[in-house]
Structures are given as C-alpha cells and as structure tokens.
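input-v2.tsv (TSV, C-alpha atoms)
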chain	number	residue	atom	x	y	z
A	1173	MET	CA	2.76	-12.55	2.65
A	1174	ALA	CA	2.84	-10.22	-0.37
A	1175	ASP	CA	-0.51	-11.41	-1.70
A	1176	GLN	CA	-2.43	-9.88	1.17
A	1177	HIS	CA	-1.16	-6.44	0.11
A	1178	LYS	CA	-3.09	-6.48	-3.11
A	1179	PRO	CA	-5.87	-4.01	-3.79
A	1180	ARG	CA	-8.15	-5.41	-6.50
A	1181	GLY	CA	-9.13	-2.09	-8.03
A	1182	PRO	CA	-8.39	1.65	-7.93
A	1183	VAL	CA	-7.60	3.20	-4.55
A	1184	ASP	CA	-8.81	6.48	-3.07
A	1185	LYS	CA	-8.31	8.44	0.13
A	1186	ALA	CA	-10.53	7.79	3.17
A	1187	ILE	CA	-10.27	7.62	6.96
A	1188	PRO	CA	-10.98	3.97	7.90
A	1189	ALA	CA	-13.28	3.23	10.86
A	1190	GLY	CA	-11.37	3.55	14.14
A	1191	ASP	CA	-8.44	5.31	12.51
A	1192	ASN	CA	-7.43	8.97	12.80
A	1193	ARG	CA	-5.66	9.53	9.45
A	1194	GLU	CA	-6.42	9.37	5.75
A	1195	ARG	CA	-5.28	6.10	4.15
A	1196	LEU	CA	-5.50	4.79	0.62
A	1197	VAL	CA	-8.46	2.43	0.40
A	1198	CYS	CA	-9.36	0.18	-2.55
A	1199	THR	CA	-12.73	1.38	-3.87
A	1200	ASP	CA	-13.48	-2.16	-5.07
A	1201	CYS	CA	-12.58	-4.49	-2.17
A	1202	GLY	CA	-12.06	-2.07	0.75
A	1203	TYR	CA	-8.44	-3.14	1.24
A	1204	ILE	CA	-6.54	-0.47	3.20
A	1205	VAL	CA	-3.05	0.37	1.94
A	1206	TYR	CA	-1.07	1.33	5.06
A	1207	ASP	CA	1.89	3.24	3.74
A	1208	ASN	CA	4.64	3.30	6.34
A	1209	PRO	CA	8.27	4.39	6.48
A	1210	LYS	CA	10.77	2.16	4.76
A	1211	ILE	CA	13.93	0.73	6.29
A	1212	VAL	CA	17.33	1.05	4.68
A	1213	VAL	CA	19.89	-1.43	6.03
A	1214	GLY	CA	23.59	-1.07	5.45
A	1215	SER	CA	27.00	-1.19	7.04
A	1216	VAL	CA	30.31	0.47	7.55
A	1217	VAL	CA	32.57	-2.40	6.50
A	1218	ARG	CA	36.19	-2.41	7.51
A	1219	LEU	CA	39.19	-4.55	6.73
A	1220	GLY	CA	41.73	-3.42	9.31
A	1221	ALA	CA	41.85	0.37	8.97
A	1222	LYS	CA	40.38	0.38	5.44
A	1223	TYR	CA	36.77	1.18	4.59
A	1224	LEU	CA	34.71	-0.52	1.87
A	1225	LEU	CA	32.96	1.96	-0.42
A	1226	CYS	CA	30.91	1.48	-3.59
A	1227	LYS	CA	30.66	3.89	-6.52
A	1228	ARG	CA	26.99	4.07	-7.47
A	1229	ALA	CA	25.98	2.81	-10.93
A	1230	ILE	CA	22.36	3.91	-10.44
A	1231	GLU	CA	20.44	7.06	-9.64
A	1232	PRO	CA	20.19	8.88	-7.35
A	1233	ARG	CA	23.78	10.14	-7.07
A	1234	ILE	CA	25.21	7.96	-9.81
A	1235	GLY	CA	29.02	8.10	-9.82
A	1236	TYR	CA	29.26	9.05	-6.13
A	1237	TRP	CA	30.58	6.82	-3.35
A	1238	THR	CA	28.40	5.16	-0.76
A	1239	LEU	CA	28.22	2.39	1.82
A	1240	PRO	CA	26.72	-0.96	0.85
A	1241	ALA	CA	23.11	-0.29	1.85
A	1242	GLY	CA	19.60	-0.58	0.47
A	1243	TYR	CA	15.95	-1.25	1.18
A	1244	MET	CA	15.21	-4.14	3.50
A	1245	GLU	CA	13.23	-6.94	1.87
A	1246	LEU	CA	10.20	-8.80	3.23
A	1247	ASN	CA	10.85	-11.75	5.55
A	1248	GLU	CA	14.46	-10.96	6.28
A	1249	THR	CA	16.11	-9.59	9.42
A	1250	THR	CA	17.93	-6.27	9.54
A	1251	GLU	CA	21.30	-8.03	9.94
A	1252	ALA	CA	20.57	-10.40	7.05
A	1253	GLY	CA	19.56	-7.40	4.94
A	1254	ALA	CA	22.85	-5.61	5.62
A	1255	ILE	CA	24.77	-8.79	4.74
A	1256	ARG	CA	22.73	-9.19	1.54
A	1257	GLU	CA	23.36	-5.60	0.46
A	1258	ALA	CA	27.14	-5.97	0.95
A	1259	TRP	CA	26.98	-9.09	-1.19
A	1260	GLU	CA	24.79	-7.56	-3.91
A	1261	GLU	CA	26.69	-4.27	-4.21
A	1262	ALA	CA	30.28	-5.34	-3.60
A	1263	THR	CA	30.34	-9.19	-3.61
A	1264	ALA	CA	31.59	-8.65	-0.07
A	1265	LYS	CA	31.33	-11.26	2.67
A	1266	ILE	CA	30.90	-9.48	5.97
A	1267	ARG	CA	30.44	-10.20	9.66
A	1268	ILE	CA	28.07	-7.91	11.60
A	1269	ASP	CA	29.73	-6.44	14.72
A	1270	GLY	CA	27.06	-4.14	16.16
A	1271	LEU	CA	24.48	-1.45	15.41
A	1272	LEU	CA	26.42	1.72	14.62
A	1273	ALA	CA	23.66	4.19	13.83
A	1274	ILE	CA	19.99	4.83	13.37
A	1275	PHE	CA	19.27	7.79	11.11
A	1276	ASN	CA	15.84	9.26	10.51
A	1277	ILE	CA	15.01	10.98	7.22
A	1278	PRO	CA	11.35	11.91	7.90
A	1279	ARG	CA	11.10	13.96	4.69
A	1280	LEU	CA	11.59	10.68	2.78
A	1281	SER	CA	9.83	8.52	5.41
A	1282	GLN	CA	13.04	6.55	5.71
A	1283	VAL	CA	14.82	4.95	8.67
A	1284	GLN	CA	18.41	3.89	8.11
A	1285	LEU	CA	19.90	1.15	10.28
A	1286	ILE	CA	23.67	1.12	9.79
A	1287	TYR	CA	25.74	-1.70	11.25
A	1288	ARG	CA	29.45	-1.97	11.94
A	1289	ALA	CA	30.87	-4.91	10.05
A	1290	THR	CA	34.14	-6.64	9.23
A	1291	LEU	CA	35.11	-7.81	5.75
A	1292	VAL	CA	35.85	-11.50	6.19
A	1293	ASP	CA	37.33	-12.08	2.73
A	1294	PRO	CA	39.32	-9.36	0.91
A	1295	ALA	CA	37.95	-10.46	-2.48
A	1296	ILE	CA	35.44	-7.78	-3.51
A	1297	ALA	CA	33.96	-6.89	-6.90
A	1298	PRO	CA	31.27	-4.49	-8.13
A	1299	GLY	CA	27.73	-5.85	-8.25
A	1300	PRO	CA	25.18	-4.63	-10.83
A	1301	GLU	CA	24.43	-1.43	-8.86
A	1302	SER	CA	28.10	-0.41	-8.47
A	1303	GLN	CA	30.51	0.99	-11.06
A	1304	GLU	CA	33.47	0.30	-8.84
A	1305	VAL	CA	34.25	-0.84	-5.29
A	1306	GLY	CA	37.30	-0.15	-3.18
A	1307	LEU	CA	39.00	-0.26	0.19
A	1308	PHE	CA	40.16	3.14	1.40
A	1309	SER	CA	42.20	4.34	4.34
A	1310	TRP	CA	40.62	7.29	6.17
A	1311	GLU	CA	42.79	9.75	4.23
A	1312	GLU	CA	42.10	8.06	0.89
A	1313	ILE	CA	38.29	8.25	1.21
A	1314	PRO	CA	36.94	10.36	-1.71
A	1315	TRP	CA	35.39	12.90	0.68
A	1316	SER	CA	34.26	15.31	-2.02
A	1317	ASP	CA	32.42	12.57	-3.93
A	1318	ILE	CA	30.32	11.02	-1.16
A	1319	ALA	CA	26.74	10.24	-2.23
A	1320	PHE	CA	24.70	11.07	0.88
A	1321	PRO	CA	25.11	12.94	4.21
A	1322	SER	CA	24.45	9.73	6.18
A	1323	VAL	CA	27.54	8.17	4.58
A	1324	HIS	CA	29.61	10.98	6.13
A	1325	TRP	CA	27.81	10.56	9.46
A	1326	SER	CA	28.37	6.79	9.47
A	1327	LEU	CA	32.06	6.97	8.65
A	1328	GLU	CA	32.60	9.67	11.26
A	1329	ALA	CA	30.68	7.66	13.89
A	1330	ASP	CA	32.79	4.59	13.21
A	1331	ARG	CA	36.00	6.57	13.56
A	1332	MET	CA	34.81	8.35	16.71
A	1333	LEU	CA	33.91	5.03	18.36
A	1334	GLY	CA	37.33	3.56	17.63
A	1335	THR	CA	37.69	0.20	19.34
A	1336	ALA	CA	34.58	0.60	21.56
A	1337	THR	CA	32.24	-2.38	21.40
A	1338	VAL	CA	29.62	-1.11	23.85
A	1339	PHE	CA	27.90	2.09	22.70
A	1340	GLN	CA	24.51	3.52	21.87
A	1341	PRO	CA	23.85	3.80	18.15
A	1342	VAL	CA	24.43	7.36	16.99
A	1343	THR	CA	21.55	9.37	15.53
A	1344	ASN	CA	21.32	12.31	13.12
A	1345	PRO	CA	23.89	14.98	14.07
A	1346	GLY	CA	22.20	17.73	16.06
A	1347	ALA	CA	18.85	15.94	15.97
A	1348	PRO	CA	16.56	17.62	18.46
A	1349	VAL	CA	15.29	15.20	21.08
A	1350	PRO	CA	11.54	15.29	20.44
A	1351	THR	CA	9.45	16.31	23.42
A	1352	LEU	CA	5.74	16.28	23.98
A	1353	THR	CA	4.03	19.62	24.37
A	1354	ARG	CA	1.19	20.22	26.77
A	1355	ASP	CA	-1.49	19.49	24.17
A	1356	GLY	CA	-0.08	16.32	22.71
A	1357	LEU	CA	2.52	16.24	19.97
B	54	MET	CA	4.24	11.73	-0.31
B	55	ALA	CA	1.37	9.25	-0.15
B	56	ASP	CA	0.01	10.15	-3.58
B	57	GLN	CA	2.99	8.68	-5.36
B	58	HIS	CA	2.11	5.27	-3.89
B	59	LYS	CA	-1.07	4.98	-5.85
B	60	PRO	CA	-1.60	2.30	-8.45
B	61	ARG	CA	-4.36	3.38	-10.85
B	62	GLY	CA	-5.67	-0.08	-11.62
B	63	PRO	CA	-5.33	-3.75	-10.63
B	64	VAL	CA	-1.90	-5.02	-9.72
B	65	ASP	CA	-0.18	-8.26	-10.71
B	66	LYS	CA	3.15	-9.97	-10.07
B	67	ALA	CA	6.15	-9.28	-12.31
B	68	ILE	CA	9.92	-8.84	-12.04
B	69	PRO	CA	10.63	-5.19	-12.95
B	70	ALA	CA	13.56	-4.43	-15.29
B	71	GLY	CA	16.83	-4.39	-13.35
B	72	ASP	CA	15.30	-6.08	-10.31
B	73	ASN	CA	15.80	-9.64	-9.09
B	74	ARG	CA	12.46	-10.31	-7.32
B	75	GLU	CA	8.78	-10.42	-8.11
B	76	ARG	CA	6.96	-7.21	-7.18
B	77	LEU	CA	3.35	-6.14	-7.49
B	78	VAL	CA	3.02	-3.97	-10.60
B	79	CYS	CA	-0.06	-1.99	-11.67
B	80	THR	CA	-1.26	-3.49	-14.97
B	81	ASP	CA	-2.65	-0.08	-15.94
B	82	CYS	CA	0.08	2.48	-15.16
B	83	GLY	CA	3.15	0.30	-14.48
B	84	TYR	CA	3.51	1.63	-10.93
B	85	ILE	CA	5.61	-0.81	-8.85
B	86	VAL	CA	4.37	-1.51	-5.32
B	87	TYR	CA	7.51	-2.11	-3.26
B	88	ASP	CA	6.28	-3.93	-0.18
B	89	ASN	CA	8.85	-3.68	2.58
B	90	PRO	CA	9.01	-4.54	6.28
B	91	LYS	CA	7.13	-2.27	8.62
B	92	ILE	CA	8.54	-0.56	11.70
B	93	VAL	CA	6.92	-0.78	15.11
B	94	VAL	CA	8.10	1.93	17.51
B	95	GLY	CA	7.49	1.76	21.23
B	96	SER	CA	9.05	2.18	24.63
B	97	VAL	CA	9.63	0.75	28.05
B	98	VAL	CA	8.38	3.69	30.10
B	99	ARG	CA	9.36	3.98	33.73
B	100	LEU	CA	8.42	6.25	36.59
B	101	GLY	CA	11.03	5.42	39.20
B	102	ALA	CA	10.90	1.63	39.57
B	103	LYS	CA	7.40	1.33	38.07
B	104	TYR	CA	6.63	0.27	34.51
B	105	LEU	CA	3.85	1.66	32.34
B	106	LEU	CA	1.72	-1.04	30.72
B	107	CYS	CA	-1.46	-0.87	28.62
B	108	LYS	CA	-4.23	-3.47	28.50
B	109	ARG	CA	-5.13	-3.91	24.83
B	110	ALA	CA	-8.64	-2.91	23.72
B	111	ILE	CA	-8.05	-4.20	20.18
B	112	GLU	CA	-7.07	-7.41	18.46
B	113	PRO	CA	-4.68	-9.13	18.33
B	114	ARG	CA	-4.34	-10.14	21.98
B	115	ILE	CA	-7.22	-8.04	23.27
B	116	GLY	CA	-7.27	-7.94	27.08
B	117	TYR	CA	-3.53	-8.65	27.40
B	118	TRP	CA	-0.91	-6.19	28.60
B	119	THR	CA	1.62	-4.53	26.35
B	120	LEU	CA	4.04	-1.63	26.03
B	121	PRO	CA	2.88	1.56	24.33
B	122	ALA	CA	3.95	0.74	20.76
B	123	GLY	CA	2.59	0.72	17.23
B	124	TYR	CA	3.29	1.22	13.55
B	125	MET	CA	5.45	4.19	12.66
B	126	GLU	CA	3.68	6.77	10.50
B	127	LEU	CA	4.97	8.52	7.38
B	128	ASN	CA	7.08	11.66	7.87
B	129	GLU	CA	7.83	11.12	11.54
B	130	THR	CA	11.03	10.04	13.27
B	131	THR	CA	11.33	6.84	15.30
B	132	GLU	CA	11.59	8.83	18.56
B	133	ALA	CA	8.57	10.97	17.67
B	134	GLY	CA	6.66	7.79	16.82
B	135	ALA	CA	7.41	6.25	20.22
B	136	ILE	CA	6.33	9.48	21.94
B	137	ARG	CA	3.13	9.58	19.84
B	138	GLU	CA	2.25	5.96	20.69
B	139	ALA	CA	2.69	6.59	24.44
B	140	TRP	CA	0.38	9.58	24.08
B	141	GLU	CA	-2.24	7.75	21.98
B	142	GLU	CA	-2.37	4.58	24.06
B	143	ALA	CA	-1.86	5.89	27.59
B	144	THR	CA	-2.09	9.72	27.40
B	145	ALA	CA	1.47	9.46	28.70
B	146	LYS	CA	4.03	12.22	28.31
B	147	ILE	CA	7.46	10.62	28.01
B	148	ARG	CA	11.11	11.52	27.53
B	149	ILE	CA	13.20	9.22	25.33
B	150	ASP	CA	16.37	8.03	27.09
B	151	GLY	CA	17.97	5.67	24.58
B	152	LEU	CA	17.42	2.79	22.16
B	153	LEU	CA	16.79	-0.31	24.28
B	154	ALA	CA	16.18	-2.98	21.67
B	155	ILE	CA	15.80	-3.86	18.03
B	156	PHE	CA	13.73	-6.98	17.48
B	157	ASN	CA	13.25	-8.70	14.14
B	158	ILE	CA	10.07	-10.65	13.41
B	159	PRO	CA	10.85	-11.74	9.82
B	160	ARG	CA	7.76	-14.00	9.65
B	161	LEU	CA	5.67	-10.83	9.95
B	162	SER	CA	8.18	-8.62	8.07
B	163	GLN	CA	8.33	-6.45	11.15
B	164	VAL	CA	11.16	-4.57	12.87
B	165	GLN	CA	10.50	-3.34	16.38
B	166	LEU	CA	12.49	-0.39	17.72
B	167	ILE	CA	11.97	-0.17	21.47
B	168	TYR	CA	13.23	2.86	23.38
B	169	ARG	CA	13.86	3.38	27.07
B	170	ALA	CA	11.79	6.30	28.29
B	171	THR	CA	10.84	8.18	31.44
B	172	LEU	CA	7.29	9.18	32.30
B	173	VAL	CA	7.51	12.93	32.82
B	174	ASP	CA	3.99	13.39	34.25
B	175	PRO	CA	2.32	10.70	36.39
B	176	ALA	CA	-1.12	11.52	34.93
B	177	ILE	CA	-1.96	8.63	32.59
B	178	ALA	CA	-5.28	7.46	31.15
B	179	PRO	CA	-6.34	4.83	28.60
B	180	GLY	CA	-6.51	5.97	24.98
B	181	PRO	CA	-8.97	4.44	22.47
B	182	GLU	CA	-6.81	1.34	21.92
B	183	SER	CA	-6.40	0.57	25.66
B	184	GLN	CA	-8.93	-0.84	28.13
B	185	GLU	CA	-6.77	0.15	31.06
B	186	VAL	CA	-3.31	1.54	31.79
B	187	GLY	CA	-1.21	1.16	34.90
B	188	LEU	CA	2.13	1.57	36.61
B	189	PHE	CA	3.52	-1.68	37.97
B	190	SER	CA	6.50	-2.57	40.11
B	191	TRP	CA	8.51	-5.50	38.72
B	192	GLU	CA	6.70	-7.94	41.03
B	193	GLU	CA	3.26	-6.49	40.20
B	194	ILE	CA	3.65	-6.90	36.42
B	195	PRO	CA	0.88	-9.24	35.17
B	196	TRP	CA	3.42	-11.72	33.81
B	197	SER	CA	0.88	-14.37	32.81
B	198	ASP	CA	-1.16	-11.86	30.79
B	199	ILE	CA	1.52	-10.27	28.62
B	200	ALA	CA	0.47	-9.77	25.00
B	201	PHE	CA	3.64	-10.54	23.03
B	202	PRO	CA	7.05	-12.18	23.57
B	203	SER	CA	8.84	-8.92	22.73
B	204	VAL	CA	7.12	-7.26	25.73
B	205	HIS	CA	8.81	-9.84	27.96
B	206	TRP	CA	12.13	-9.34	26.16
B	207	SER	CA	11.92	-5.55	26.49
B	208	LEU	CA	11.08	-5.55	30.18
B	209	GLU	CA	13.84	-8.06	30.91
B	210	ALA	CA	16.35	-6.02	28.89
B	211	ASP	CA	15.47	-2.87	30.81
B	212	ARG	CA	15.90	-4.63	34.13
B	213	MET	CA	19.16	-6.29	33.06
B	214	LEU	CA	20.64	-2.94	31.97
B	215	GLY	CA	19.77	-1.31	35.29
B	216	THR	CA	21.30	2.15	35.46
B	217	ALA	CA	23.56	1.71	32.42
B	218	THR	CA	23.25	4.53	29.91
B	219	VAL	CA	25.78	3.25	27.38
B	220	PHE	CA	24.84	-0.09	25.85
B	221	GLN	CA	24.16	-1.78	22.54
B	222	PRO	CA	20.46	-2.33	21.86
B	223	VAL	CA	19.51	-5.90	22.65
B	224	THR	CA	18.21	-8.17	19.89
B	225	ASN	CA	15.99	-11.25	19.82
B	226	PRO	CA	17.05	-13.69	22.54
B	227	GLY	CA	19.21	-16.40	21.05
B	228	ALA	CA	19.06	-14.82	17.59
B	229	PRO	CA	21.66	-16.50	15.41
B	230	VAL	CA	24.16	-14.04	14.02
B	231	PRO	CA	23.58	-14.36	10.28
B	232	THR	CA	26.65	-15.31	8.28
B	233	LEU	CA	27.27	-15.45	4.59
B	234	THR	CA	27.82	-18.85	3.05
B	235	ARG	CA	30.31	-19.49	0.29
B	236	ASP	CA	27.70	-19.05	-2.46
B	237	GLY	CA	26.01	-15.90	-1.22
B	238	LEU	CA	23.30	-15.83	1.38

Output the file's structure as structure tokens, nothing else.
Amino acid sequence: MADQHKPRGPVDKAIPAGDNRERLVCTDCGYIVYDNPKIVVGSVVRLGAKYLLCKRAIEPRIGYWTLPAGYMELNETTEAGAIREAWEEATAKIRIDGLLAIFNIPRLSQVQLIYRATLVDPAIAPGPESQEVGLFSWEEIPWSDIAFPSVHWSLEADRMLGTATVFQPVTNPGAPVPTLTRDGL
Amino acid sequence: MADQHKPRGPVDKAIPAGDNRERLVCTDCGYIVYDNPKIVVGSVVRLGAKYLLCKRAIEPRIGYWTLPAGYMELNETTEAGAIREAWEEATAKIRIDGLLAIFNIPRLSQVQLIYRATLVDPAIAPGPESQEVGLFSWEEIPWSDIAFPSVHWSLEADRMLGTATVFQPVTNPGAPVPTLTRDGL
C-alpha cells in the first residue's frame, strides 16, 4: 500500500483537474499527495476503579501524564490501534469495551478516537515512549501534570458515564454543532 | 499546515531513529512521510422516513447509489466534513444528529465515520460528483445498485436504531473484537 504514496521528484502546489483545492503534486510524475487529517487512537483503561496513565518520555509534553494513545498505523483497525498503543506505551493488555469519545482538533488536523477499555492483566511496565506508568484512583490522578486537554475530557467522560454501556461518544466540551449557512458552508 | 508535509526530493524507505517501522524518508532533506489511514466522513440523511442517496458520477462504482460521504479535509471537524460532503454531492443542507457508525476498512487503510443527519431543506440537486440524487422510502431504495457494503450497513443500522437517540456507534458486521495475545499483538 505504502508504495503508491511515493512521489518520484519534488512536489509543488496545484489544483488537480476536477478538484476544488490546492494539493501537492509531484512535478516529475504528477502524483497527487492528498494530505488528510490523521487519526489518534487511544483508550481510558481501567482496572476496577483505577486508571492507567503513562508519563511521557517524548516531546511534546515530556514528563506529563497521558492516556495510552498514538497515531493509527496503515492496515490496522481503530480498535487494534488502541490495543497496540496500550501495549507499546505501558505493556498493558487491554479489552476494548466501547467508543468513549471522538475529539476533533482541526487546528492540528487531528481526530482522536478514545475507547473505554479494561486492563486484563495487572502487570504493566513503561514502554520506550513512557518514563513511568501507573494505576491511579480518581483522587490520586496527577491532575496538575496532565499532558493534554483531551486527557482531562476523556477521564471526565468515563467518570460521568459510570456503569453505562449504551451511550453516544462524547465530543469536545462546548463544541458548537456545525450548521450550514444559506450560501454553503 | 500543508507546507510542512513537503519532501524536497525523492523519497525512499528507511526506519527512522526511535521508530519501529519502515517509513518513506526524503533522501534530500530527511523529511519523514508518515502515511496514516484516511478518514471518510458521511451521513445517513433522512427527511421523515425518506433517505437521501446519490448516484455516483465518478469512479469507483460510477452509476451506483451511495450516501453523501468523502475524504475529510485538513483543518475541518468530522461533523463539518459530513455537512460539506452532503452539500457538495447533493446540495443538501443537513443537521447532524449523532454518530451512527464507525467502520474500519484496514485493507484500504480507511476509517469511515458515518453520522445520522436530518435534511433541513427538501431542495436537493446533484453536485459535480453525482449523476442524480433522490429521496427514497425504505422499500424504494435501489438495493441492487448500492455502491459499497458500508452503505448497506449504514442504512440497516439507521433502521435498526429507529427513534433511539442514545446508542453506541455500530461497527463492521461480525467484526471480531481484537484481543491481545500473550506475546503482544
């Protein structure tokens, strides 16, 4: 799959035939680089009432606490990606329980899909991208050292939902519902 | 944003420092092309009991009927993308009502986010990528000329959910829940 995404020479901006936006086009072979938003997959992992968090060993926000989450890879599913990230960042074996949240970060062209998951084996250990991993009760969570707003949002959504198993995924707090104006978007 | 994704010369495969997979790396400037799954955003749009469908004017599956859906663009949200696609393909003004489905097509490295939406103005017309658009009762839907399996899945999910407003998004029919084996993934 990856080979098809391979410009052979330098790329420049142009509007391809039939399109309505500037894209990057290879000036040698004409290959069009469609640059689209990227998906982050992750999970709120619980063992009973305790939450799994990872202290970041990499930038951005090195030294701050986050959920096991990261960019989805080619040819995997969203659930498999969340399971892989928990394994890579915390050597954690998890079971996916449902889709907790979908967060949009349009400034970064990023969509975050955050699952609810259960830790199926209490043995955890930091992977190469984590300085430390831990299981925290709600009160023990290092609230002042959380890496990203969406970590707060995810933890709060999980707590709000309690034992519910049927729910709509939450979205960005206060996100305006987009509506179409008379002239289009 | 797009400018940063611009290799200056030819790209070749290499495993970047600190990574665990081959990526495409520019042999001139060292820029790493992270190729990740792409997001398709779309919606099951209803006006009362009728469903909005679009007859495709482009490949693949030209001449077959589909939902208004397409690749998410940079710097938009998933909801705004679904609204934009309904406008581009059917000149349809819609209101997003909830996340209906998340489908994974790992063979194509594609994640489809399908919303439930309401047509807020009955005036619809084919956009450049549609030969025809129409509103169909369940029985009138051209079932033998549907473009993609996920169109079937989405329509069936909408019908199954009926008037429910609180539900988990459906996933691929019969999708195995991924589980972690003893040695990792």

Just want the 6 Å neighbourhood of segment 1273-1282 of chain A, counted on all atoms listed in the file, with same-chain residues fewer than 3 positions away dropped. Output as a ChimeraX atom specification. /A:1209-1211,1285-1286,1341-1344 /B:127-130

Saved selection, atoms kept: C-alpha atoms, as a tab-separated table (two decimals), in the frame of the given file:
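Dumped to result.tsv:
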chain	number	residue	atom	x	y	z
A	1209	PRO	CA	8.27	4.39	6.48
A	1210	LYS	CA	10.77	2.16	4.76
A	1211	ILE	CA	13.93	0.73	6.29
A	1285	LEU	CA	19.90	1.15	10.28
A	1286	ILE	CA	23.67	1.12	9.79
A	1341	PRO	CA	23.85	3.80	18.15
A	1342	VAL	CA	24.43	7.36	16.99
A	1343	THR	CA	21.55	9.37	15.53
A	1344	ASN	CA	21.32	12.31	13.12
B	127	LEU	CA	4.97	8.52	7.38
B	128	ASN	CA	7.08	11.66	7.87
B	129	GLU	CA	7.83	11.12	11.54
B	130	THR	CA	11.03	10.04	13.27

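Interatomic distance, atom CA of Leu1272 of chain A against atom CA of Leu172 of chain B: 27.1 Å.
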
Closest of B:Thr131, B:Ser190, B:Ser197, B:Gln165 to chain A - atom-to-atom distances counting only C-alpha atoms: B:Thr131

Please compute the atom CA of Thr171 of chain B-atom CA of Gly95 of chain B distance, one decimal, in Å. 12.5 Å

For Leu77 of chain B, list every protein, DNA or RNA residue within 6 Å, evaluated using all atoms listed in the file, and leave out those in the same chain fewer than 2 positions away; present the list as number ranges by chain. B: 64-66, 85-86

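When atom CA of Lys103 of chain B is paired with atom CA of Pro181 of chain B, their separation reads 22.8 Å.
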
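For the residues A:Glu1245, A:Glu1231, A:Asp1330, A:Asp1269, ranking by smallest atom-to-atom distance to chain B using all atoms listed in the file places A:Glu1245 first.
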
Looking at B:Trp196, B:Trp140, B:Tyr84, B:Tyr168, which one is nearest to chain A, with distances taken over only C-alpha atoms? B:Trp140

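For the choices A:Ala1289, A:Leu1307, A:Val1283, A:Ile1318, the atom-to-atom distance to chain B is smallest for A:Val1283 when using all atoms listed in the file.
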
A:Ala1252, A:Val1305, A:Val1213, A:Leu1333: which is nearest chain B, counting only C-alpha atoms?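 Among A:Ala1252, A:Val1305, A:Val1213, A:Leu1333, it is A:Ala1252 that comes nearest to chain B.
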
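Shortest separation to chain B among A:Val1323, A:Val1212, A:Ala1297, A:Leu1224 occurs at residue A:Val1212, atoms counted being all atoms listed in the file.
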
Incomplete segment 204-210 of chain B brought to all heavy atoms, written out as a PDB file, in the coordinates of the input:
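Below is the file that was written, result.pdb:
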ATOM      1  N   VAL B 204       7.368  -8.041  24.505  1.00  0.00           N
ATOM      2  CA  VAL B 204       7.120  -7.260  25.730  1.00  0.00           C
ATOM      3  C   VAL B 204       7.952  -7.841  26.870  1.00  0.00           C
ATOM      4  O   VAL B 204       8.623  -7.110  27.603  1.00  0.00           O
ATOM      5  CB  VAL B 204       5.608  -7.234  26.070  1.00  0.00           C
ATOM      6  CG1 VAL B 204       5.365  -6.500  27.395  1.00  0.00           C
ATOM      7  CG2 VAL B 204       4.807  -6.599  24.934  1.00  0.00           C
ATOM      8  N   HIS B 205       7.932  -9.165  26.990  1.00  0.00           N
ATOM      9  CA  HIS B 205       8.810  -9.840  27.960  1.00  0.00           C
ATOM     10  C   HIS B 205      10.277  -9.457  27.719  1.00  0.00           C
ATOM     11  O   HIS B 205      10.982  -9.054  28.640  1.00  0.00           O
ATOM     12  CB  HIS B 205       8.699 -11.373  27.818  1.00  0.00           C
ATOM     13  CG  HIS B 205       7.531 -11.981  28.516  1.00  0.00           C
ATOM     14  ND1 HIS B 205       7.508 -12.236  29.870  1.00  0.00           N
ATOM     15  CD2 HIS B 205       6.328 -12.383  28.048  1.00  0.00           C
ATOM     16  CE1 HIS B 205       6.351 -12.786  30.196  1.00  0.00           C
ATOM     17  NE2 HIS B 205       5.607 -12.884  29.111  1.00  0.00           N
ATOM     18  N   TRP B 206      10.713  -9.597  26.469  1.00  0.00           N
ATOM     19  CA  TRP B 206      12.130  -9.340  26.160  1.00  0.00           C
ATOM     20  C   TRP B 206      12.520  -7.905  26.524  1.00  0.00           C
ATOM     21  O   TRP B 206      13.613  -7.666  27.045  1.00  0.00           O
ATOM     22  CB  TRP B 206      12.406  -9.564  24.668  1.00  0.00           C
ATOM     23  CG  TRP B 206      12.036 -10.916  24.156  1.00  0.00           C
ATOM     24  CD1 TRP B 206      11.832 -12.058  24.883  1.00  0.00           C
ATOM     25  CD2 TRP B 206      11.819 -11.267  22.781  1.00  0.00           C
ATOM     26  NE1 TRP B 206      11.509 -13.092  24.046  1.00  0.00           N
ATOM     27  CE2 TRP B 206      11.491 -12.637  22.749  1.00  0.00           C
ATOM     28  CE3 TRP B 206      11.873 -10.557  21.575  1.00  0.00           C
ATOM     29  CZ2 TRP B 206      11.208 -13.310  21.559  1.00  0.00           C
ATOM     30  CZ3 TRP B 206      11.599 -11.221  20.390  1.00  0.00           C
ATOM     31  CH2 TRP B 206      11.275 -12.595  20.384  1.00  0.00           C
ATOM     32  N   SER B 207      11.616  -6.966  26.241  1.00  0.00           N
ATOM     33  CA  SER B 207      11.920  -5.550  26.490  1.00  0.00           C
ATOM     34  C   SER B 207      12.020  -5.269  27.978  1.00  0.00           C
ATOM     35  O   SER B 207      12.942  -4.574  28.439  1.00  0.00           O
ATOM     36  CB  SER B 207      10.829  -4.661  25.879  1.00  0.00           C
ATOM     37  OG  SER B 207      10.770  -4.837  24.480  1.00  0.00           O
ATOM     38  N   LEU B 208      11.062  -5.780  28.738  1.00  0.00           N
ATOM     39  CA  LEU B 208      11.080  -5.550  30.180  1.00  0.00           C
ATOM     40  C   LEU B 208      12.326  -6.177  30.800  1.00  0.00           C
ATOM     41  O   LEU B 208      13.007  -5.567  31.637  1.00  0.00           O
ATOM     42  CB  LEU B 208       9.806  -6.131  30.818  1.00  0.00           C
ATOM     43  CG  LEU B 208       8.499  -5.397  30.458  1.00  0.00           C
ATOM     44  CD1 LEU B 208       7.282  -6.215  30.907  1.00  0.00           C
ATOM     45  CD2 LEU B 208       8.454  -4.012  31.100  1.00  0.00           C
ATOM     46  N   GLU B 209      12.656  -7.388  30.366  1.00  0.00           N
ATOM     47  CA  GLU B 209      13.840  -8.060  30.910  1.00  0.00           C
ATOM     48  C   GLU B 209      15.122  -7.323  30.525  1.00  0.00           C
ATOM     49  O   GLU B 209      16.041  -7.219  31.333  1.00  0.00           O
ATOM     50  CB  GLU B 209      13.868  -9.524  30.442  1.00  0.00           C
ATOM     51  CG  GLU B 209      12.902 -10.381  31.260  1.00  0.00           C
ATOM     52  CD  GLU B 209      12.411 -11.636  30.527  1.00  0.00           C
ATOM     53  OE1 GLU B 209      13.039 -12.038  29.536  1.00  0.00           O
ATOM     54  OE2 GLU B 209      11.375 -12.187  30.961  1.00  0.00           O
ATOM     55  N   ALA B 210      15.175  -6.785  29.316  1.00  0.00           N
ATOM     56  CA  ALA B 210      16.350  -6.020  28.890  1.00  0.00           C
ATOM     57  C   ALA B 210      16.507  -4.767  29.744  1.00  0.00           C
ATOM     58  O   ALA B 210      17.610  -4.437  30.191  1.00  0.00           O
ATOM     59  CB  ALA B 210      16.229  -5.632  27.416  1.00  0.00           C
TER      60      ALA B 210
END
